[in-house]
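Data from query-v7.csv: CSV, C-alpha atoms (C1' of nucleotides)
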```
chain,number,residue,atom,x,y,z
A,177,MET,CA,7.1,31.8,8.5
A,178,ARG,CA,6.1,30.3,5.2
A,179,ILE,CA,5.8,26.6,4.3
A,180,GLY,CA,6.3,25.7,0.7
A,181,TYR,CA,6.5,22.7,-1.7
A,182,ALA,CA,8.5,22.0,-4.8
A,183,CYS,CA,7.5,22.0,-8.5
A,184,LEU,CA,4.5,19.7,-8.6
A,185,THR,CA,1.1,19.2,-7.0
A,186,VAL,CA,-0.7,16.0,-6.0
A,187,GLY,CA,-4.4,15.7,-6.7
A,188,VAL,CA,-4.9,19.2,-8.2
A,189,PRO,CA,-6.6,19.2,-11.6
A,190,ARG,CA,-5.0,20.9,-14.6
A,191,THR,CA,-1.6,21.4,-13.0
A,192,SER,CA,0.5,18.7,-14.6
A,193,PHE,CA,3.5,19.7,-16.7
A,194,ARG,CA,4.5,18.4,-20.1
A,195,THR,CA,7.8,18.0,-21.9
A,196,CYS,CA,9.1,16.4,-25.0
A,197,LEU,CA,12.0,14.3,-26.1
A,198,LEU,CA,15.0,16.2,-27.5
A,199,LYS,CA,14.5,14.7,-30.9
A,200,ASN,CA,10.9,16.0,-31.0
A,201,ALA,CA,11.8,19.5,-29.9
A,202,SER,CA,10.5,21.4,-32.9
A,203,ASN,CA,9.3,25.0,-32.6
A,204,GLU,CA,5.7,23.9,-32.9
A,205,LYS,CA,6.0,21.2,-30.3
A,206,LEU,CA,7.8,23.5,-27.9
A,207,GLU,CA,5.2,26.3,-28.3
A,208,THR,CA,2.4,23.9,-27.5
A,209,VAL,CA,4.1,22.5,-24.5
A,210,ILE,CA,5.2,25.9,-23.1
A,211,ALA,CA,1.6,27.2,-23.5
A,212,HIS,CA,0.4,24.2,-21.6
A,213,ASN,CA,2.9,24.5,-18.8
A,214,LEU,CA,2.3,28.2,-18.2
A,215,ASP,CA,-1.4,27.4,-17.9
A,216,ALA,CA,-0.6,24.6,-15.5
A,217,LEU,CA,1.5,27.1,-13.4
A,218,ASP,CA,-1.4,29.5,-13.4
A,219,HIS,CA,-3.6,26.8,-11.9
A,220,ILE,CA,-1.0,26.0,-9.3
A,221,LEU,CA,-0.9,29.7,-8.3
A,222,ASP,CA,-4.7,29.6,-7.9
A,223,TYR,CA,-4.5,26.5,-5.8
A,224,ASN,CA,-1.8,28.0,-3.6
A,225,GLU,CA,-3.8,31.2,-3.1
A,226,ALA,CA,-7.0,29.2,-2.3
A,227,HIS,CA,-5.1,27.2,0.3
A,228,ARG,CA,-3.0,30.1,1.7
A,229,ILE,CA,0.3,28.5,0.6
A,230,ARG,CA,2.8,31.4,0.3
A,231,MET,CA,5.9,29.6,-0.9
A,232,PHE,CA,6.5,27.5,-4.1
A,233,ARG,CA,9.4,26.2,-6.2
A,234,ILE,CA,8.8,26.6,-9.9
A,235,THR,CA,10.0,23.5,-11.9
A,236,SER,CA,13.0,24.0,-14.1
A,237,ASP,CA,11.1,22.1,-16.8
A,238,LEU,CA,8.6,25.0,-17.2
A,239,ILE,CA,10.3,25.7,-20.5
A,240,PRO,CA,11.7,22.5,-22.0
A,241,PHE,CA,15.3,22.8,-23.0
A,242,GLY,CA,15.1,26.3,-21.7
A,243,SER,CA,18.8,26.9,-21.8
A,244,SER,CA,19.7,24.7,-24.7
A,245,PRO,CA,20.4,25.8,-28.3
A,246,VAL,CA,17.9,23.1,-29.3
A,247,ASN,CA,15.2,25.5,-28.1
A,248,ARG,CA,15.3,28.2,-30.7
A,249,LEU,CA,11.8,29.4,-30.0
A,250,PRO,CA,11.7,33.1,-28.9
A,251,TRP,CA,9.6,32.0,-26.0
A,252,PRO,CA,10.2,35.1,-23.7
A,253,ALA,CA,8.6,37.4,-26.3
A,254,LEU,CA,6.0,34.9,-27.5
A,255,PHE,CA,4.7,34.4,-23.9
A,256,GLU,CA,5.3,37.8,-22.5
A,257,GLU,CA,1.6,38.3,-21.7
A,258,GLU,CA,1.4,35.0,-19.9
A,259,PHE,CA,4.5,35.7,-17.9
A,260,ASN,CA,3.1,39.2,-16.9
A,261,GLY,CA,-0.2,37.7,-15.8
A,262,LEU,CA,1.6,35.0,-13.8
A,263,GLY,CA,3.9,37.5,-12.2
A,264,ARG,CA,1.0,39.8,-11.3
A,265,LYS,CA,-0.7,36.9,-9.6
A,266,ILE,CA,2.4,35.9,-7.7
A,267,LYS,CA,2.9,39.5,-6.4
A,268,GLU,CA,-0.8,40.1,-5.6
A,269,THR,CA,-1.0,36.9,-3.6
A,270,GLY,CA,2.3,37.4,-1.8
A,271,LEU,CA,3.7,34.1,-3.0
A,272,ARG,CA,7.4,33.6,-2.7
A,273,VAL,CA,8.7,31.6,-5.6
A,274,SER,CA,12.1,30.0,-6.3
A,275,MET,CA,13.8,27.7,-8.8
A,276,HIS,CA,16.4,25.0,-8.3
A,277,PRO,CA,18.5,23.6,-11.2
A,278,GLY,CA,19.3,20.0,-10.6
A,279,GLN,CA,22.5,17.9,-10.1
A,280,TYR,CA,23.5,18.4,-13.8
A,281,THR,CA,24.0,22.1,-13.5
A,282,VAL,CA,27.7,22.2,-12.4
A,283,LEU,CA,29.3,25.6,-12.1
A,284,ASN,CA,32.7,24.4,-10.8
A,285,SER,CA,33.5,21.8,-13.5
A,286,PRO,CA,37.1,21.8,-14.9
A,287,ASP,CA,35.5,21.5,-18.3
A,288,PRO,CA,34.8,25.0,-19.6
A,289,ARG,CA,31.9,23.7,-21.8
A,290,VAL,CA,30.2,22.3,-18.7
A,291,VAL,CA,30.7,25.6,-16.9
A,292,GLN,CA,29.3,27.5,-20.0
A,293,ASN,CA,26.2,25.2,-20.0
A,294,ALA,CA,25.8,25.8,-16.3
A,295,ALA,CA,26.0,29.6,-16.7
A,296,ALA,CA,23.5,29.4,-19.6
A,297,ASP,CA,21.2,27.3,-17.4
A,298,LEU,CA,21.4,29.8,-14.5
A,299,ALA,CA,20.7,32.6,-16.9
A,300,TYR,CA,17.6,30.7,-18.1
A,301,HIS,CA,16.3,30.4,-14.5
A,302,ALA,CA,17.0,34.1,-13.9
A,303,ARG,CA,15.2,34.9,-17.1
A,304,VAL,CA,12.1,33.1,-16.0
A,305,LEU,CA,12.0,35.0,-12.7
A,306,ASP,CA,12.8,38.3,-14.4
A,307,LEU,CA,9.9,37.7,-16.9
A,308,LEU,CA,7.6,37.2,-13.9
A,309,GLY,CA,8.9,40.6,-12.6
A,310,VAL,CA,9.5,39.3,-9.1
A,311,SER,CA,12.2,40.8,-6.8
A,312,PRO,CA,15.6,39.3,-5.9
A,313,GLU,CA,13.9,37.7,-2.8
A,314,HIS,CA,12.8,35.1,-5.3
A,315,LYS,CA,15.8,32.9,-5.4
A,316,ILE,CA,17.7,30.3,-7.5
A,317,VAL,CA,19.1,27.5,-5.4
A,318,LEU,CA,22.3,25.8,-6.5
A,319,HIS,CA,24.6,23.1,-5.2
A,320,ILE,CA,28.4,23.6,-5.3
A,321,GLY,CA,29.1,20.8,-7.7
A,322,GLY,CA,31.8,18.2,-8.1
A,323,VAL,CA,35.1,17.5,-6.2
A,324,TYR,CA,37.4,16.1,-8.9
A,325,GLY,CA,39.7,14.7,-6.4
A,326,ASP,CA,40.7,18.1,-5.1
A,327,LYS,CA,38.0,19.9,-3.1
A,328,LYS,CA,40.0,23.1,-2.4
A,329,THR,CA,40.6,23.7,-6.1
A,330,ALA,CA,37.1,22.8,-7.0
A,331,ALA,CA,35.7,25.3,-4.4
A,332,GLN,CA,38.0,28.0,-5.7
A,333,ARG,CA,36.8,27.3,-9.2
A,334,PHE,CA,33.2,27.7,-8.0
A,335,ILE,CA,34.1,31.1,-6.5
A,336,ALA,CA,35.9,32.3,-9.6
A,337,ASN,CA,33.0,31.2,-11.9
A,338,TYR,CA,30.4,32.7,-9.5
A,339,HIS,CA,32.1,36.1,-10.0
A,340,ARG,CA,31.8,35.8,-13.7
A,341,LEU,CA,28.0,35.3,-13.6
A,342,ALA,CA,25.7,37.9,-14.8
A,343,ASP,CA,24.3,40.3,-12.2
A,344,ALA,CA,20.8,39.1,-12.9
A,345,VAL,CA,21.9,35.6,-11.8
A,346,ARG,CA,24.1,36.6,-8.9
A,347,GLN,CA,21.5,38.6,-7.2
A,348,ARG,CA,19.2,35.6,-7.0
A,349,LEU,CA,21.7,32.8,-6.5
A,350,ILE,CA,21.8,31.0,-3.2
A,351,ILE,CA,23.9,27.9,-2.4
A,352,GLU,CA,23.0,24.7,-0.6
A,353,ASN,CA,24.8,21.9,1.2
A,354,ASP,CA,24.5,18.5,-0.5
A,355,ASP,CA,24.5,14.9,0.8
A,356,ARG,CA,27.8,13.7,-0.8
A,357,SER,CA,30.4,16.4,-1.3
A,358,TYR,CA,29.9,19.8,0.2
A,359,ALA,CA,28.8,19.9,3.9
A,360,ILE,CA,27.3,23.0,5.4
A,361,GLU,CA,30.6,24.3,6.8
A,362,GLU,CA,32.2,24.1,3.3
A,363,VAL,CA,29.2,25.9,1.8
A,364,LEU,CA,29.5,28.6,4.4
A,365,ASP,CA,33.2,29.1,3.5
A,366,ILE,CA,32.2,29.5,-0.1
A,367,SER,CA,29.5,32.0,0.9
A,368,ALA,CA,32.1,34.0,2.7
A,369,ALA,CA,34.0,34.3,-0.5
A,370,THR,CA,31.0,35.0,-2.8
A,371,GLY,CA,28.4,36.7,-0.7
A,372,ALA,CA,25.8,34.1,-1.7
A,373,PRO,CA,23.3,33.3,1.0
A,374,VAL,CA,23.2,29.7,2.3
A,375,VAL,CA,20.3,27.3,2.4
A,376,PHE,CA,20.6,24.7,5.1
A,377,ASP,CA,19.2,21.3,4.1
A,378,ASN,CA,18.6,19.1,7.1
A,379,LEU,CA,18.5,15.8,5.4
A,380,HIS,CA,21.7,16.5,3.4
A,381,HIS,CA,23.3,17.6,6.7
A,382,THR,CA,22.4,14.2,8.2
A,383,ALA,CA,23.9,12.4,5.3
A,384,LYS,CA,27.0,14.6,5.1
A,385,PRO,CA,27.5,16.4,8.4
A,386,SER,CA,30.0,19.1,9.3
A,387,ASN,CA,31.4,19.3,12.9
A,388,THR,CA,29.0,17.2,14.8
A,389,GLN,CA,29.7,19.1,18.1
A,390,ARG,CA,27.5,21.8,16.8
A,391,THR,CA,23.7,21.6,16.7
A,392,VAL,CA,21.4,22.0,13.7
A,393,LEU,CA,20.2,25.3,15.2
A,394,ASP,CA,23.8,26.5,15.4
A,395,TRP,CA,24.2,25.9,11.7
A,396,ILE,CA,20.9,27.5,10.8
A,397,ARG,CA,21.8,30.6,12.8
A,398,GLN,CA,25.2,30.8,11.1
A,399,CYS,CA,23.5,30.5,7.7
A,400,ARG,CA,21.1,33.3,8.7
A,401,SER,CA,24.0,35.7,8.8
A,402,THR,CA,24.6,35.1,5.1
A,403,TRP,CA,21.1,36.5,4.3
A,404,GLN,CA,21.1,40.3,3.6
A,405,HIS,CA,18.2,42.6,3.6
A,406,GLY,CA,17.4,42.4,-0.1
A,407,ASP,CA,17.4,38.6,0.1
A,408,GLY,CA,14.3,38.3,2.1
A,409,LEU,CA,13.7,36.0,5.0
A,410,GLN,CA,16.2,33.1,5.4
A,411,LYS,CA,15.1,29.9,3.7
A,412,ILE,CA,15.9,26.3,4.6
A,413,HIS,CA,15.0,23.0,3.0
A,414,TYR,CA,13.4,20.4,5.2
A,415,SER,CA,12.8,16.8,4.4
A,416,GLN,CA,12.6,13.4,6.1
A,417,GLN,CA,14.3,10.1,5.4
A,418,ALA,CA,12.2,7.6,3.5
A,419,GLY,CA,12.1,4.4,5.5
A,420,GLY,CA,13.9,1.5,3.8
A,421,LYS,CA,15.4,3.6,1.0
A,422,ARG,CA,18.9,4.9,0.4
A,423,PRO,CA,20.0,7.5,2.9
A,424,GLY,CA,18.9,10.9,1.6
A,425,ALA,CA,15.7,9.6,-0.2
A,426,HIS,CA,12.8,11.8,0.5
A,427,SER,CA,9.8,10.4,2.4
A,428,GLU,CA,6.4,9.9,0.9
A,429,SER,CA,4.9,12.4,3.3
A,430,ILE,CA,5.9,14.5,6.3
A,431,ARG,CA,5.7,12.8,9.7
A,432,LEU,CA,4.2,15.5,11.8
A,433,GLU,CA,5.7,14.5,15.2
A,434,GLU,CA,9.1,14.7,13.6
A,435,PHE,CA,8.4,18.0,12.0
A,436,ALA,CA,7.0,19.3,15.3
A,437,ALA,CA,10.2,18.3,17.1
A,438,PHE,CA,12.3,20.1,14.4
A,439,TYR,CA,10.1,23.1,14.6
A,440,GLU,CA,10.4,23.3,18.4
A,441,GLY,CA,14.1,23.0,18.1
A,442,LEU,CA,14.2,26.3,16.1
A,443,GLU,CA,13.3,28.1,19.3
A,444,GLY,CA,11.0,30.5,17.6
A,445,LEU,CA,13.4,31.5,14.8
A,446,ASP,CA,11.4,32.8,11.9
A,447,LEU,CA,12.2,31.0,8.6
A,448,ASP,CA,10.8,30.1,5.3
A,449,ILE,CA,10.7,26.3,5.0
A,450,MET,CA,10.7,24.5,1.7
A,451,LEU,CA,9.5,20.9,2.1
A,452,GLU,CA,11.0,18.3,-0.1
A,453,VAL,CA,8.5,15.4,0.0
A,454,LYS,CA,6.8,13.2,-2.5
A,455,ASP,CA,3.2,14.2,-1.6
A,456,LYS,CA,4.1,17.9,-2.2
A,457,ASN,CA,1.2,20.3,-1.4
A,458,GLN,CA,-0.6,17.7,0.7
A,459,SER,CA,2.2,17.6,3.3
A,460,ALA,CA,2.6,21.4,3.1
A,461,LEU,CA,-1.1,21.8,4.0
A,462,ARG,CA,-0.7,19.3,6.9
A,463,CYS,CA,2.4,21.2,8.3
A,464,MET,CA,0.5,24.5,7.9
A,465,GLU,CA,-2.5,23.1,9.8
A,466,TRP,CA,-0.2,21.8,12.5
A,467,LEU,CA,1.4,25.3,12.9
A,468,GLU,CA,-2.0,26.9,13.1
A,469,SER,CA,-3.3,24.5,15.7
A,470,ARG,CA,-0.1,24.9,17.7
A,471,LYS,CA,-0.5,28.7,17.7
A,472,SER,CA,-4.1,28.6,18.9
A,473,PHE,CA,-3.1,26.1,21.5
A,474,LYS,CA,-0.3,28.3,22.8
A,475,ALA,CA,-2.6,31.3,22.7
B,90,DC,C1',-4.9,1.8,-23.8
B,91,DC,C1',-1.8,0.1,-20.6
B,92,DG,C1',2.8,-0.7,-18.9
B,93,DC,C1',7.4,-0.2,-19.0
B,94,DG,C1',11.8,1.1,-21.1
B,95,DT,C1',13.7,5.5,-22.2
B,96,DC,C1',15.1,10.1,-21.7
B,97,DA,C1',18.4,14.5,-20.4
B,98,DA,C1',22.1,16.4,-17.7
B,99,DG,C1',27.5,15.6,-15.4
B,100,DT,C1',30.0,13.2,-11.9
B,101,DT,C1',31.4,9.3,-9.6
B,102,DC,C1',32.1,4.7,-8.9
B,103,DA,C1',32.3,0.0,-10.4
B,104,DT,C1',33.7,-3.2,-13.9
C,432,DA,C1',38.5,2.8,-20.6
C,433,DT,C1',33.8,2.1,-20.8
C,434,DG,C1',29.5,2.2,-18.7
C,435,DA,C1',26.1,2.1,-15.0
C,436,DA,C1',24.1,4.5,-11.1
C,437,DC,C1',22.3,8.5,-9.5
C,438,DT,C1',17.3,11.2,-10.0
C,439,DT,C1',12.5,12.1,-11.6
C,440,DG,C1',8.1,12.2,-13.9
C,441,DA,C1',6.6,12.1,-18.2
C,442,DC,C1',7.2,10.6,-23.0
C,443,DG,C1',6.2,7.3,-26.4
C,444,DC,C1',6.6,2.8,-28.2
C,445,DG,C1',5.3,-2.1,-28.3
C,446,DG,C1',2.0,-5.3,-27.3
```
Is it possible to give me this structure as structure tokens?
Amino acid sequence: MRIGYACLTVGVPRTSFRTCLLKNASNEKLETVIAHNLDALDHILDYNEAHRIRMFRITSDLIPFGSSPVNRLPWPALFEEEFNGLGRKIKETGLRVSMHPGQYTVLNSPDPRVVQNAAADLAYHARVLDLLGVSPEHKIVLHIGGVYGDKKTAAQRFIANYHRLADAVRQRLIIENDDRSYAIEEVLDISAATGAPVVFDNLHHTAKPSNTQRTVLDWIRQCRSTWQHGDGLQKIHYSQQAGGKRPGAHSESIRLEEFAAFYEGLEGLDLDIMLEVKDKNQSALRCMEWLESRKSFKA
DNA sequence: CCGCGTCAAGTTCAT
DNA sequence: ATGAACTTGACGCGG
């Protein structure tokens, strides 16, 4: 079991990412920012290794406008050395990385331009992971997308567009339930038609549940069957509700008792758990410490 | 130099 | 039909 965190660190020097506004995205500006961001990622890898963190999501903002025609910089070639070095470090330290395009990457839109942009964005994410030289166990997580008043048709469009994606994308793509439109059972149906492994997200599941007769562990076990050998260990997303905020808002930090109850509910199932929490690495470390103390207590 | 409005994406919902 | 909300941290301008 690995515990991971997403995109950013809290309290770690030289790990902040930069970006620029669209209107300022000159080649010179982009080159400076990308060089900075690859260096920041390098420091994050060092931090993860020093703290035995073995799972991490790389921010989609690593390369600003990475899938946009606005970015005409030949960054893959320019930074080949840096990517090689980062990839070597990832492999040497046994880190499992992933990426996760946000809510604006919509593969099932009825607008072909939106679909084209989504495909380009997914290709960008796969490009980054390929440049790092990491295996297909290092995934790209995607939500299904919009509903457009007709979920059946929208799901079919996702499936059709999935099959048109490049191999390099499809071998990394995994799909996740969201908190508004596509509940876990619907994502599992789409997985059956595409072969894409399913990421179970507990907080999204609470906000948008499928059949409530079934337990969380039931759903996680069913998701497990969508993960094949080359995909690596099944991953899930775990987060907790922020008190007083809208349903689905991520908490500031992980409440350990609640995490412990969730963990015990897994009944020993081995998983990789990506935490989605504001204080990032700090909660990851606390959860890892809790796991360690639990093991020594049990032993 | 601080603070806060703006940004970038696409869908959905409110006006 | 038009636009705000959603989401997020960092940008970048005004004071």
Could you list, as a PDB file with C-alpha atoms (C1' of nucleotides), in the frame of the given file, the residues of chain C having an atom within 12 Å of chain A when counting only C-alpha atoms (C1' of nucleotides)?
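Saved file out_11.pdb follows:
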```
ATOM      1  C1'  DC C 437      22.300   8.500  -9.500  1.00  0.00           C
ATOM      2  C1'  DT C 438      17.300  11.200 -10.000  1.00  0.00           C
ATOM      3  C1'  DT C 439      12.500  12.100 -11.600  1.00  0.00           C
ATOM      4  C1'  DG C 440       8.100  12.200 -13.900  1.00  0.00           C
ATOM      5  C1'  DA C 441       6.600  12.100 -18.200  1.00  0.00           C
ATOM      6  C1'  DC C 442       7.200  10.600 -23.000  1.00  0.00           C
ATOM      7  C1'  DG C 443       6.200   7.300 -26.400  1.00  0.00           C
TER       8       DG C 443
END
```
(message) As an exercise, work out the distance from CA of Asn260 in chain A to CA of Lys315 in chain A in Å and give it to one decimal place.
(response) 18.3 Å
Would you mind listing, for every residue of chain B within 10 Å of chain A, the two atoms forming the shortest contact and the distance between them in Å to one decimal, using all atoms listed in the file, sorted by chain and ascending residue number, as a tab-separated table?
```
residue	atom	partner	partner_atom	distance
B:DT95	C1'	A:Leu197	CA	9.8
B:DC96	C1'	A:Leu197	CA	6.8
B:DA97	C1'	A:Leu198	CA	8.1
B:DA98	C1'	A:Tyr280	CA	4.6
B:DG99	C1'	A:Tyr280	CA	5.1
B:DT100	C1'	A:Gly322	CA	6.5
B:DT101	C1'	A:Gly322	CA	9.0
```
Writing out the chosen residues with C-alpha atoms (C1' of nucleotides) as a PDB file, keeping the file's coordinate frame:
```pdb
ATOM      1  C1'  DT B  95      13.700   5.500 -22.200  1.00  0.00           C
ATOM      2  C1'  DC B  96      15.100  10.100 -21.700  1.00  0.00           C
ATOM      3  C1'  DA B  97      18.400  14.500 -20.400  1.00  0.00           C
ATOM      4  C1'  DA B  98      22.100  16.400 -17.700  1.00  0.00           C
ATOM      5  C1'  DG B  99      27.500  15.600 -15.400  1.00  0.00           C
ATOM      6  C1'  DT B 100      30.000  13.200 -11.900  1.00  0.00           C
ATOM      7  C1'  DT B 101      31.400   9.300  -9.600  1.00  0.00           C
TER       8       DT B 101
END
```
(request) Show which residues sit within 10 Å of Ser429 in chain A, as number ranges by chain. Count only C-alpha atoms (C1' of nucleotides), and ignore same-chain residues fewer than 2 positions away. (result) A: 415-418, 426-427, 431-432, 451-460, 462
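Coordinates place CA of Val188 in chain A at a distance of 23.4 Å from CA of Asp448 in chain A.
Separating CA of Lys199 in chain A from CA of Pro240 in chain A is a distance of 12.2 Å.
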(request) Compile the contact shell of range 374-385 of chain A as a list of chain:residue names: residues with an atom at most 6 Å away, counting only C-alpha atoms (C1' of nucleotides), same-chain residues fewer than 2 positions apart removed. (result) A:Ile350, A:Ile351, A:Glu352, A:Asp354, A:Asp355, A:Ala359, A:Cys399, A:Lys411, A:Ile412, A:His413, A:Tyr414, A:Ser415
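Excluding range 92-94 of chain B itself and same-chain residues fewer than 4 positions from it, the residues having an atom within 10 Å of it are C:DG443, C:DC444, C:DG445, C:DG446, counting all atoms listed in the file.
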Write the residues of the preceding selection, restricted to C-alpha atoms (C1' of nucleotides), as a compact mmCIF listing (two decimals), keeping the file's coordinate frame.
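The resulting file, selection.txt, is reproduced below:
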```txt
# COMPACT_ATOMS: atom_id res chain seq x y z
C1' DG C 443 6.20 7.30 -26.40
C1' DC C 444 6.60 2.80 -28.20
C1' DG C 445 5.30 -2.10 -28.30
C1' DG C 446 2.00 -5.30 -27.30
```
